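Reviewing the structure listed below.
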Amino acid sequence: MKVARDMKIEVRTRSEFYDSVSTKVKKDIADLGIKGVKRVEYIDVYTLRGDIRDNDAIKIASDLLADKISQEFVAGKCFSSKGKEKHHVVEIAYNPGVMDPVEESALKAVRDMGFVLDEIKTTKKYVIYGDVATSVIRDIADRILYNKVIQHMVKGEEEHKNVPEYKFVYKEVDILNTPKDELRKLSLDRQLYLSAVEMESIQEHFRHLGRNPSDCELETLAQTWSEHCKHKTLMGIVEYNGLIIDNLLKETIMRVTRELDKPWCVSVFVDNAGVIKYDKENNICFKVETHNHPSALEPYGGAETGVGGVLRDIMGTGLGAKPIANTDVFCFGLPDAPASSIAKGALHPKRVMKGVVSGVRDYGNKMGIPTVNGSVCFDERYTGNPLVFCGSIGIMPVDACEKQVDPGDLIVAVGGRTGRDGIHGATFSSAELTSSSEVISSTAVQIGNPITEKKILDTLLVARDKRLYGAITDCGAGGFSSAVGEMGEETGAVVYLEKIPLKYKGLEPWEIWISEAQERMVISVKSVNKDELFAIFESEGVEAVVIGEFTGDKQLRLYYEGNKVADIDMRFLHKGLPKTVRKAVWKAPDENGILSFRGKKDLTNDLLKILSSWNVCSKEWIIRQYDHEVQGGSILKPLVGAENDGPSDASVIRPVLGSYRGVAVSNGINPNYGDIDPYWMAASAIDEALRQITAVGGDIEKTALLDNFCWGNTEKPEQLGGAVRAAQACYDMAKVFGTPFISGKDSLNNEFNTGKKVISIPPTLLISAIAVVDDIRKLISMDAKAPGDLLYIVGETANELGGSRYLLSKGVKSGIVPRVDPEMSLSIMRKVTQAIARGYVRAAHDLSEGGLAVALAETLFAGGFGARIDLKKVPLSGDIERDDVILFSESNSRFILEVPAVKRNDFERTISGIPLGMIGRVASSPWLVVKGIKGDTAIKADLARMKKEWQKPIKEVMHG
Amino acid sequence: MASVRALILRTAGTNCDMETGHAFALAGAKPELIHINALIKEKSVLREFRILALPGGFSYGDDIASGKILANELVNTLRDEIRDFVRRGGLVIGICNGFQVLVKMGLLPDTSGNISGEVEATLALNDSGRFESRWVYLKKCVKGKKECVWTKGLPDVIHIPVAHGEGKFIPRDRKVLSDLNDNGQIVFRYVDKSGAEGGYPHNPNGSIEDIAGVSDPGGKILGLMPHPERNFTFLQDPNWFRSQKIIKDAGVGLQIFKNGVNFFK
């Protein structure tokens with residue numbers, strides 16, 4: 001009899017080659033302030049498990065696992081350490097049940113070589129040379145080498161445990177005999193996160209049925225009724241300063257879309273993404289999701305699965321769209337925060353940023369989706385609860401935008417297998433993060449496998465175009481429970497849980513049902529189409545299984561090996577949720593424009609300081625890691641200018657190669673305004689997103705918006721009051737601008753409990769904008785292009801420094817937050833659009849954080865030209881007698897435009913009737929010189945210096 | 001005249017197949033996107049094609065090493081057919097991940113020219129340690145008699161994007177490097193705008209001697225890290241926004257695809 005055994009292969013870079021992995025680790029250790037580490041050696045360890053001869057293992061190592069040129073390996077033993085140098089070995093393995101994508105592909109490769117193995121396990125080994133105490137090594141490992149949520153340090157030989165088979169037992173939850181005052185506790189103990197009122201209505205329902213719910217039934221209700229799935233706060237009843245609002249979203253954001261009634265809106269707020277018209281053949285769809293809590297615990301996996309999830313939303317819109325671009329916006333703590341300031345249970349912001357960026361990069365790049373637009377906000381309150389917004393845009397044929405489920409259709413699960421990963425993700429996202437979240441919720445965090453999802457996408461589009469299925473949705477929050485529950489709402493469904501393919505045995509039926517394992521889609525298929533459909537999946541190695549069928553009885557019935565484990569009325573499941581009632585209050589802030597300090601005469605250093613502040617500085621380190629050119633449709637890139645390193649406003653892609661039509665995408669976000677008044681934060685975010693579309697040559701008449709609310713605990717009335725303000729602003733602004741909302745999402749309860757105090761994130765509203773561009777040849781970029789050109793400022797500057805970079809850099813938190821006059825803003829943007837369309841404008845840049853000074857600096861150093869600017873020419877609103885206010889105020893609805901001198905008259909005629917000032921000319925000398933209102937020099941800075949300050953912060957903290 | 005058929009090979013994780021096909025179509029070829037499983041099922045299909053293109057992407061997630069698992073698969077399932085294809089005069093191009101596959105299966109650089117499959121070089125992790133996407137300049141290094149089929153008619157310096165994490169070209173030893181030079185196999189080097197050696201980030205990955213692309217000694221098999229299919233039209237080139245926006249049709253990368261097609265005309 002052949003006996004399975006383990007054969008370890010170790011692979012490392014040959015000493016004569018540069019190993020950037022080891023070098024990075026050594027730098028990261030030095031960053032921790034730990035001295036004494038001389039060098040680090042990195043080793044990949046593969047454990048081949050199965051019946052294999054030594055020679056074959058060596059062949060696998062030499063032909064497959066180790067690079068023939070740059071690496072070396074040993075088989076059946078470990079590399080011996082060099083000499084007698086003092087060293088420590090740290091080996092990191094995935095926790096049981098965490099998916100390791102390398103394992104699957106390595107097994108495939110070994111099969112291609114003609115060998116059969118049971119399993120391949122990978123671990124990472126770090127040999128740290130130097131005189132360092134063991135306790136310090138543990139500290140290094142904890143802080144930079146592994147994350148206990150998904151990994152562990154290997155101690156001695158890892159035991160190869162056989163997971164026990166699951167033996168079916170019907171489990172019910174005794175809710176009938178639970179006293180009312182203990183229902184909330186029952187909900188928390190089971191991680192259901194349902195309120196007492198919701199638990200009571202479940203109790204009532206089952207009392208009526210005369211039985212207790214099964215564990216499966218209760219879990220299904222908790223998933224379906226979760227804040228994540230139902231948005232029950234913002235769609236519930238809000239008592240706002242005495243006023244009753246029934247369904248805030250419906251009364252504001254959805255209402256404005258209905259009232260605007262744009263003919264190009266195809267599907268809004270109903271499908272997995274909002275759909276608008278693109279051209280005669282195609283529509284486009286856009287969705288932005290958040291993945292905050294998983295990213296807080298495991299930044300890489302959390303961000304990766306955030307991208308994977310939003311891509312599945314696109315693939316699950318209509319009959320499935322093809323993702324054509326991603327957008328990503330993050331909010332982090334300060335990357336240079338001292339380690340001692342980080343609360344227990346929170347990861348350091350630098351680590352969070354590195355992990356999140358890597359996760360977004362790997363998933364997007366590997367799926368082949370260009371990541372073209374994004375933004376990053378930094379604030380210490382995001383330390384324990386970072387925000388990760390993942391957005392995706394898709395394209396689909398106009399006749400593939402509707403789905404239809406009929407009784408008798410087969411329910412087919414496509415893609416990845418189901419494991420214990422991601423259990424309670426939907427309910428967990430509505431819980432507060434605490435220093436112990438990593439322990440109780442580790443199953444809610446997952447690692448993604450983008451190649452599995454890419455395979456689904458490739459085959460799905462073929463099946464879609466043959467119309468082999470009638471409806472599709474993704475397995476996201478709540479897993480099959482939500483996917484099948486939603487698709488079968490009008491019909492009813494029966495699912496046989498044992499048919500669902502598992503990654504490993506031992507899962508209980510309810511776990512199979514609600515697992516949020518990644519890379520799974522559910523489709524509804526007529527049985528006549530089954531064979532042809534399955535042949536397509538099989539041809540590219542995609543697993544697809546019939547797991548049940550849609551019925552006509554409006555019941556959701558689940559079976560496990562012949563035993564009924566759930567039988568719920570679809571109406572109760574979807575309509576039985578009692579309306580959440582919450583109180584909201586809002587007290588107007590006390591704003592005033594009196595500045596308690598005197599502005600310096602020479603503001604050069606203030607400008608440089610703002611350029612190198614975290615929020616304003618260059619994000620190139622992040623952007624370059626994303627493939628923004630894949631699919632060949634990139635037109636206006638995220639980085640532009642003479643050296644391709646200036647900050648573009650909107651990005652533009654062309655999804656149909658050969659056409660001159662394009663899609664522009666932008667975003668607006670500024671939580672610092674939300675600290676003062678979320679109404680003006682929301683208004684400013686909308687104005688900013690629209691300014692960016694306008695600045696590149698887009699037209700806001702063809703622009704749609706998305707909203708993403710990330711708030712603290714909205715059970716606190718003042719928190720919810722802010723959200724009401726923001727939603728009202730969304731209505732007021734969009735109504736005047738004529739820009740409908742097509743999709744949105746909210747993530748509430750973004751707080752971190754350190755054990756001593758609760759830190760709430762600042763109210764954060766992300767507005768994403770998408771616009772169809774008729775002719776991409778008319779687009780312009782933001783960088784200055786030719787000496788002698790005229791520089792104009794459009795729009796009025798007011799004393800609006802509340803929440804501005806300038807005041808924050810002075811430690812001042814008061815001030816008047818920027819307002820938006822939407823009528824004025826609309827006419828400004830319309831005229832700018834006209835001027836660009838007629839070819840009178842060579843560059844345009846919107847004014848946002850850091851105001852006029854930063855916008856000028858960016859325009860000039862991106863273009864490689866200087867300018868002499870006269871502040872006296874800037875149109876002002878109200879009496880302003882200070883240069884610093886004019887330069888750094890963040891008033892909305894303003895642009896800098898570069899106009900060739902010969903176009904001056906045409907330009908001024910086109911743009912007449914709005915506040916306009918010709919403030920200077922582009923110069924070939926590399927200096928920005930600003931003359932203040934009293935005639936003194938307010939700023940004199942050279943381009944290289946400004947650019948260096950702007951580029952330095954992230955590059956330095958991330959080493960490179 | 002019959003159109004030139006180009007097989008664009010796909011597998012799990014390939015993601016530049018569509019635009020590579022588009023560029024070939026613009027160049028006058030008849031591109032067909034074929035999954036490796038289908039090709040393995042019917043290996044003789046390869047004989048019907050004149051051009052084999054391995055496009056960019058992350059074949060099998062680039063697990064273990066970039067391009068390694070697809071290279072391993074091709075060596076173990078289609079080695080003879082690919083050799084036969086090359087011997088019969090077919091052209092091969094590997095872009096980015098496709099280049100990594102060609103190098104790791106030993107089809108490039110093949111300094112001996114006898115298609116032995118001996119691995120003589122690698123594409124290792126970038127010196128920066130991370131994936132980078134940026135536009136770079138390449139210098140065409142071989143002109144005249146030894147010029148590679150794929151580079152004819154290109155200007156001396158071309159603008160083109162790279163996007164990869166493992167693009168550092170390392171020849172096995174000095175002998176391989178000098179053979180590459182002597183045989184005129186170093187087709188492209190990374191340079192600055194003026195055509196001179198530029199260091200990082202002009203050389204985005206730390207490649208030895210700034211090598212960006214190599215061919216076999218016969219100049220029929222080309223592998224390069226940069227993406228010519230991302231510059232088949234002026235609209236893709238960021239410089240266009242600064243060049244007074246004069247409308248030209250073709251991007252500089254299109255010539256590479258045209259060369260492949262014209263070779264058979």
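Lettering and numbering for the structure tokens are positional, with chains as A, B, ... in the shown order, residues counted from 1 in each chain, and ligands counted from 1 in the shown order.
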
- Task: Using DSSP on the backbone, list every residue of stretch 85-245 of chain B that comes out as strand (DSSP E or B), and give them as a VMD selection string.
- Result: chain B and resid 91 to 95 121 to 124 132 to 140 157 to 164 168 to 171 186 to 191 211 to 215 221 to 224 233

Those selected residues, please, written with C-alpha atoms and delivered as a tab-separated table (two decimals), in the first residue's frame.
```tsv
chain	number	residue	atom	x	y	z
B	91	LEU	CA	5.78	33.96	-36.18
B	92	VAL	CA	5.44	34.14	-32.43
B	93	ILE	CA	4.95	37.17	-30.22
B	94	GLY	CA	4.76	37.16	-26.43
B	95	ILE	CA	3.72	40.34	-24.70
B	121	ALA	CA	17.13	33.72	-18.85
B	122	THR	CA	14.42	34.74	-16.47
B	123	LEU	CA	12.11	37.63	-15.73
B	124	ALA	CA	12.38	38.29	-12.02
B	132	GLU	CA	4.25	49.26	-11.74
B	133	SER	CA	2.24	50.68	-14.57
B	134	ARG	CA	3.86	53.53	-16.52
B	135	TRP	CA	4.73	54.76	-20.01
B	136	VAL	CA	8.36	54.23	-21.01
B	137	TYR	CA	10.59	54.82	-24.01
B	138	LEU	CA	12.20	51.98	-25.93
B	139	LYS	CA	15.13	52.11	-28.27
B	140	LYS	CA	15.16	49.82	-31.26
B	157	VAL	CA	12.67	55.54	-30.03
B	158	ILE	CA	9.10	54.56	-29.27
B	159	HIS	CA	6.68	55.48	-26.48
B	160	ILE	CA	4.81	52.55	-24.97
B	161	PRO	CA	3.36	51.46	-21.62
B	162	VAL	CA	4.56	48.75	-19.24
B	163	ALA	CA	2.51	47.18	-16.47
B	164	HIS	CA	4.13	44.36	-14.59
B	168	LYS	CA	13.53	42.24	-14.70
B	169	PHE	CA	15.29	40.42	-17.51
B	170	ILE	CA	18.25	38.42	-16.27
B	171	PRO	CA	20.34	36.27	-18.63
B	186	ILE	CA	18.31	42.36	-27.93
B	187	VAL	CA	15.51	44.03	-29.78
B	188	PHE	CA	14.47	46.76	-27.35
B	189	ARG	CA	16.15	48.55	-24.46
B	190	TYR	CA	14.56	50.95	-22.01
B	191	VAL	CA	15.83	54.49	-22.55
B	211	ILE	CA	16.68	44.85	-21.84
B	212	ALA	CA	12.97	45.27	-22.59
B	213	GLY	CA	12.49	42.76	-25.41
B	214	VAL	CA	14.42	39.97	-27.09
B	215	SER	CA	13.96	37.83	-30.16
B	221	ILE	CA	9.93	35.09	-32.17
B	222	LEU	CA	9.61	38.33	-30.24
B	223	GLY	CA	9.05	38.71	-26.54
B	224	LEU	CA	8.73	42.05	-24.79
B	233	THR	CA	-3.89	54.54	-31.79
```

Chain A near chain B within 7 Å: what's each residue's closest atom pair and its distance in Å to one decimal, counting only C-alpha atoms, ordered by chain then ascending residue number, as JSON lines?
```
{"residue": "A:Ser20", "atom": "CA", "partner": "B:Gly129", "partner_atom": "CA", "distance": 5.2}
{"residue": "A:Val21", "atom": "CA", "partner": "B:Gly129", "partner_atom": "CA", "distance": 6.4}
{"residue": "A:Leu65", "atom": "CA", "partner": "B:Ile64", "partner_atom": "CA", "distance": 6.2}
{"residue": "A:Ile69", "atom": "CA", "partner": "B:Arg172", "partner_atom": "CA", "distance": 5.6}
{"residue": "A:Val102", "atom": "CA", "partner": "B:Asp63", "partner_atom": "CA", "distance": 5.4}
{"residue": "A:Ser105", "atom": "CA", "partner": "B:Tyr60", "partner_atom": "CA", "distance": 6.3}
{"residue": "A:Ala109", "atom": "CA", "partner": "B:Ile69", "partner_atom": "CA", "distance": 5.7}
{"residue": "A:Asp112", "atom": "CA", "partner": "B:Glu73", "partner_atom": "CA", "distance": 5.7}
{"residue": "A:Met113", "atom": "CA", "partner": "B:Asn76", "partner_atom": "CA", "distance": 6.1}
{"residue": "A:Lys366", "atom": "CA", "partner": "B:Phe58", "partner_atom": "CA", "distance": 5.7}
{"residue": "A:Met367", "atom": "CA", "partner": "B:Gly13", "partner_atom": "CA", "distance": 6.9}
{"residue": "A:Gly368", "atom": "CA", "partner": "B:Asn15", "partner_atom": "CA", "distance": 5.0}
{"residue": "A:Ile451", "atom": "CA", "partner": "B:Gly13", "partner_atom": "CA", "distance": 5.4}
{"residue": "A:Lys454", "atom": "CA", "partner": "B:Gly13", "partner_atom": "CA", "distance": 6.3}
{"residue": "A:Lys455", "atom": "CA", "partner": "B:Ala12", "partner_atom": "CA", "distance": 5.8}
{"residue": "A:Ser539", "atom": "CA", "partner": "B:Asn37", "partner_atom": "CA", "distance": 6.8}
{"residue": "A:Glu540", "atom": "CA", "partner": "B:Asn37", "partner_atom": "CA", "distance": 6.8}
{"residue": "A:Arg624", "atom": "CA", "partner": "B:Ser133", "partner_atom": "CA", "distance": 5.0}
{"residue": "A:Gln625", "atom": "CA", "partner": "B:Glu132", "partner_atom": "CA", "distance": 4.8}
{"residue": "A:Tyr626", "atom": "CA", "partner": "B:Ser133", "partner_atom": "CA", "distance": 6.5}
{"residue": "A:Asp627", "atom": "CA", "partner": "B:Ser133", "partner_atom": "CA", "distance": 5.5}
{"residue": "A:Glu629", "atom": "CA", "partner": "B:Arg230", "partner_atom": "CA", "distance": 6.9}
{"residue": "A:Val630", "atom": "CA", "partner": "B:Cys16", "partner_atom": "CA", "distance": 6.6}
{"residue": "A:Gln631", "atom": "CA", "partner": "B:Glu19", "partner_atom": "CA", "distance": 5.8}
{"residue": "A:Gly632", "atom": "CA", "partner": "B:Arg230", "partner_atom": "CA", "distance": 5.0}
{"residue": "A:Ser634", "atom": "CA", "partner": "B:Gln236", "partner_atom": "CA", "distance": 6.2}
{"residue": "A:Ile635", "atom": "CA", "partner": "B:Gln236", "partner_atom": "CA", "distance": 5.3}
{"residue": "A:Ile780", "atom": "CA", "partner": "B:Phe241", "partner_atom": "CA", "distance": 6.6}
{"residue": "A:Ser781", "atom": "CA", "partner": "B:Phe241", "partner_atom": "CA", "distance": 6.6}
{"residue": "A:Lys785", "atom": "CA", "partner": "B:Arg242", "partner_atom": "CA", "distance": 6.4}
```

Kindly export the residues of the current selection with C-alpha atoms, as a tab-separated table (two decimals), in the first residue's frame.
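This is the output file part-v8.tsv:
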```tsv
chain	number	residue	atom	x	y	z
A	20	SER	CA	13.59	42.79	-3.15
A	21	VAL	CA	11.31	40.87	-0.78
A	65	LEU	CA	8.85	25.57	-8.14
A	69	ILE	CA	18.20	31.19	-13.19
A	102	VAL	CA	-1.30	29.05	-4.99
A	105	SER	CA	-2.64	26.30	-9.37
A	109	ALA	CA	0.88	22.39	-12.77
A	112	ASP	CA	0.41	18.82	-16.19
A	113	MET	CA	3.79	17.26	-15.44
A	366	LYS	CA	-5.43	39.97	-12.17
A	367	MET	CA	-9.03	40.30	-13.33
A	368	GLY	CA	-7.76	42.63	-16.04
A	451	ILE	CA	-8.45	33.96	-11.33
A	454	LYS	CA	-11.94	35.80	-14.14
A	455	LYS	CA	-12.78	32.32	-15.36
A	539	SER	CA	-14.58	23.94	-21.40
A	540	GLU	CA	-12.72	26.47	-19.29
A	624	ARG	CA	1.29	53.14	-10.36
A	625	GLN	CA	0.53	49.80	-8.77
A	626	TYR	CA	-2.76	49.61	-10.61
A	627	ASP	CA	-2.80	48.62	-14.23
A	629	GLU	CA	-4.14	50.62	-19.29
A	630	VAL	CA	-5.40	47.04	-19.50
A	631	GLN	CA	-8.26	46.49	-22.01
A	632	GLY	CA	-6.59	49.16	-24.14
A	634	SER	CA	-7.43	54.23	-21.27
A	635	ILE	CA	-7.68	57.73	-22.71
A	780	ILE	CA	-8.31	68.13	-22.20
A	781	SER	CA	-5.94	67.41	-19.34
A	785	LYS	CA	0.84	73.42	-21.86
```

- Message: When you count only C-alpha atoms, which of these residues is closest to A:Thr604: A:Arg520, A:Arg661, A:Arg945, A:Lys873?
- Response: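 The shortest atom-to-atom distance to A:Thr604 comes from A:Arg945.
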
Who sits within 8 Å of stretch 459-464 of chain A, only C-alpha atoms, same chain under 2 positions skipped, as a compact mmCIF listing (two decimals) with all heavy atoms, in the first residue's frame:
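result_29.txt written:
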```
# COMPACT_ATOMS: atom_id res chain seq x y z
N LEU A 319 -28.36 40.77 -17.15
CA LEU A 319 -27.92 39.39 -17.39
C LEU A 319 -26.40 39.29 -17.30
O LEU A 319 -25.80 38.31 -17.70
CB LEU A 319 -28.38 38.92 -18.77
CG LEU A 319 -29.89 38.68 -18.90
CD1 LEU A 319 -30.23 38.23 -20.31
CD2 LEU A 319 -30.38 37.67 -17.88
N GLY A 320 -25.78 40.33 -16.75
CA GLY A 320 -24.34 40.29 -16.57
C GLY A 320 -23.65 41.30 -17.44
O GLY A 320 -23.84 41.33 -18.65
N ALA A 321 -22.87 42.18 -16.82
CA ALA A 321 -22.11 43.17 -17.57
C ALA A 321 -20.63 42.82 -17.48
O ALA A 321 -20.22 42.09 -16.59
CB ALA A 321 -22.35 44.56 -17.01
N LYS A 322 -19.86 43.36 -18.40
CA LYS A 322 -18.42 43.14 -18.40
C LYS A 322 -17.76 44.33 -17.71
O LYS A 322 -17.93 45.46 -18.16
CB LYS A 322 -17.93 43.02 -19.83
CG LYS A 322 -16.44 42.81 -19.93
CD LYS A 322 -15.97 42.93 -21.37
CE LYS A 322 -14.45 43.08 -21.38
NZ LYS A 322 -13.95 43.69 -22.57
N ALA A 400 -29.69 43.12 -22.70
CA ALA A 400 -29.31 42.16 -21.64
C ALA A 400 -29.44 42.80 -20.26
O ALA A 400 -28.72 42.45 -19.34
CB ALA A 400 -27.89 41.66 -21.88
N LYS A 455 -12.27 33.46 -14.59
CA LYS A 455 -12.78 32.32 -15.36
C LYS A 455 -14.31 32.37 -15.45
O LYS A 455 -14.89 32.09 -16.50
CB LYS A 455 -12.34 31.00 -14.72
CG LYS A 455 -10.90 30.63 -15.01
CD LYS A 455 -10.33 29.64 -14.02
CE LYS A 455 -10.95 28.26 -14.11
NZ LYS A 455 -10.32 27.31 -13.15
N ILE A 456 -14.95 32.72 -14.34
CA ILE A 456 -16.41 32.83 -14.37
C ILE A 456 -16.81 33.90 -15.38
O ILE A 456 -17.68 33.69 -16.22
CB ILE A 456 -16.97 33.22 -12.97
CG1 ILE A 456 -16.58 32.19 -11.92
CG2 ILE A 456 -18.49 33.36 -13.03
CD1 ILE A 456 -16.96 32.60 -10.50
N LEU A 457 -16.15 35.05 -15.28
CA LEU A 457 -16.49 36.16 -16.18
C LEU A 457 -16.35 35.74 -17.64
O LEU A 457 -17.25 35.99 -18.46
CB LEU A 457 -15.57 37.36 -15.87
CG LEU A 457 -15.67 38.56 -16.82
CD1 LEU A 457 -17.06 39.19 -16.76
CD2 LEU A 457 -14.61 39.61 -16.47
N LYS A 466 -25.51 33.93 -25.53
CA LYS A 466 -26.37 32.88 -26.11
C LYS A 466 -27.69 32.79 -25.35
O LYS A 466 -28.48 31.88 -25.61
CB LYS A 466 -25.65 31.53 -26.05
CG LYS A 466 -24.39 31.50 -26.90
CD LYS A 466 -23.80 30.11 -26.96
CE LYS A 466 -22.73 30.11 -28.04
NZ LYS A 466 -22.15 28.81 -28.28
N ARG A 467 -27.86 33.65 -24.37
CA ARG A 467 -29.09 33.68 -23.55
C ARG A 467 -29.40 32.31 -22.95
O ARG A 467 -30.53 31.83 -23.03
CB ARG A 467 -30.28 34.17 -24.38
CG ARG A 467 -30.16 35.60 -24.86
CD ARG A 467 -30.18 36.59 -23.70
NE ARG A 467 -30.18 37.96 -24.17
CZ ARG A 467 -29.06 38.67 -24.46
NH1 ARG A 467 -27.87 38.12 -24.30
NH2 ARG A 467 -29.15 39.91 -24.88
N LEU A 468 -28.39 31.72 -22.35
CA LEU A 468 -28.59 30.38 -21.78
C LEU A 468 -29.10 30.42 -20.35
O LEU A 468 -29.29 29.38 -19.73
CB LEU A 468 -27.28 29.58 -21.87
CG LEU A 468 -26.84 29.26 -23.30
CD1 LEU A 468 -25.50 28.55 -23.32
CD2 LEU A 468 -27.90 28.42 -24.02
N TYR A 469 -29.23 31.62 -19.80
CA TYR A 469 -29.84 31.71 -18.49
C TYR A 469 -30.73 32.95 -18.46
O TYR A 469 -30.57 33.85 -19.28
CB TYR A 469 -28.78 31.73 -17.37
CG TYR A 469 -27.75 32.82 -17.50
CD1 TYR A 469 -27.97 34.09 -16.95
CD2 TYR A 469 -26.54 32.60 -18.17
CE1 TYR A 469 -27.03 35.09 -17.07
CE2 TYR A 469 -25.60 33.60 -18.29
CZ TYR A 469 -25.85 34.85 -17.74
OH TYR A 469 -24.93 35.85 -17.86
N LEU A 533 -25.14 25.07 -21.58
CA LEU A 533 -24.54 25.98 -20.61
C LEU A 533 -23.39 25.32 -19.86
O LEU A 533 -22.29 25.88 -19.74
CB LEU A 533 -25.62 26.44 -19.63
CG LEU A 533 -25.15 27.33 -18.49
CD1 LEU A 533 -24.80 28.71 -19.02
CD2 LEU A 533 -26.22 27.45 -17.40
N ILE A 536 -20.16 24.98 -21.73
CA ILE A 536 -19.34 26.20 -21.79
C ILE A 536 -18.50 26.34 -20.52
O ILE A 536 -17.30 26.60 -20.57
CB ILE A 536 -20.24 27.44 -21.98
CG1 ILE A 536 -20.86 27.41 -23.38
CG2 ILE A 536 -19.46 28.74 -21.76
CD1 ILE A 536 -21.93 28.46 -23.60
N PHE A 537 -19.15 26.15 -19.38
CA PHE A 537 -18.39 26.26 -18.13
C PHE A 537 -17.27 25.23 -18.09
O PHE A 537 -16.14 25.52 -17.72
CB PHE A 537 -19.32 26.08 -16.93
CG PHE A 537 -20.27 27.24 -16.71
CD1 PHE A 537 -21.62 27.04 -16.49
CD2 PHE A 537 -19.79 28.55 -16.74
CE1 PHE A 537 -22.49 28.10 -16.28
CE2 PHE A 537 -20.65 29.62 -16.54
CZ PHE A 537 -22.00 29.40 -16.32
N GLU A 540 -13.78 25.65 -19.86
CA GLU A 540 -12.72 26.47 -19.29
C GLU A 540 -12.52 26.20 -17.80
O GLU A 540 -11.98 27.03 -17.06
CB GLU A 540 -13.00 27.96 -19.58
CG GLU A 540 -13.09 28.19 -21.09
CD GLU A 540 -12.98 29.64 -21.53
OE1 GLU A 540 -12.70 30.51 -20.69
OE2 GLU A 540 -13.16 29.87 -22.73
N VAL A 542 -14.68 25.78 -15.22
CA VAL A 542 -15.48 26.48 -14.21
C VAL A 542 -16.50 25.50 -13.65
O VAL A 542 -17.22 24.85 -14.40
CB VAL A 542 -16.21 27.69 -14.84
CG1 VAL A 542 -17.14 28.34 -13.83
CG2 VAL A 542 -15.19 28.70 -15.36
```

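As for atom CA of A:Thr418 and atom CA of A:Thr327, they are spaced 28.1 Å apart.
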
- Correct to one decimal, the distance atom CA of A:Arg868-atom CA of A:Ala923 is 7.3 Å

- Item | Shortest interatomic distance to A:Lys230 - which of A:Val268, A:Ala66, A:Ile43, A:Leu573, counting only C-alpha atoms |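 Comparing A:Val268, A:Ala66, A:Ile43, A:Leu573 against A:Lys230, the winner is A:Leu573.
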
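Note that atom CA of A:Asp313 and atom CA of A:Asp246 are 27.8 Å apart.
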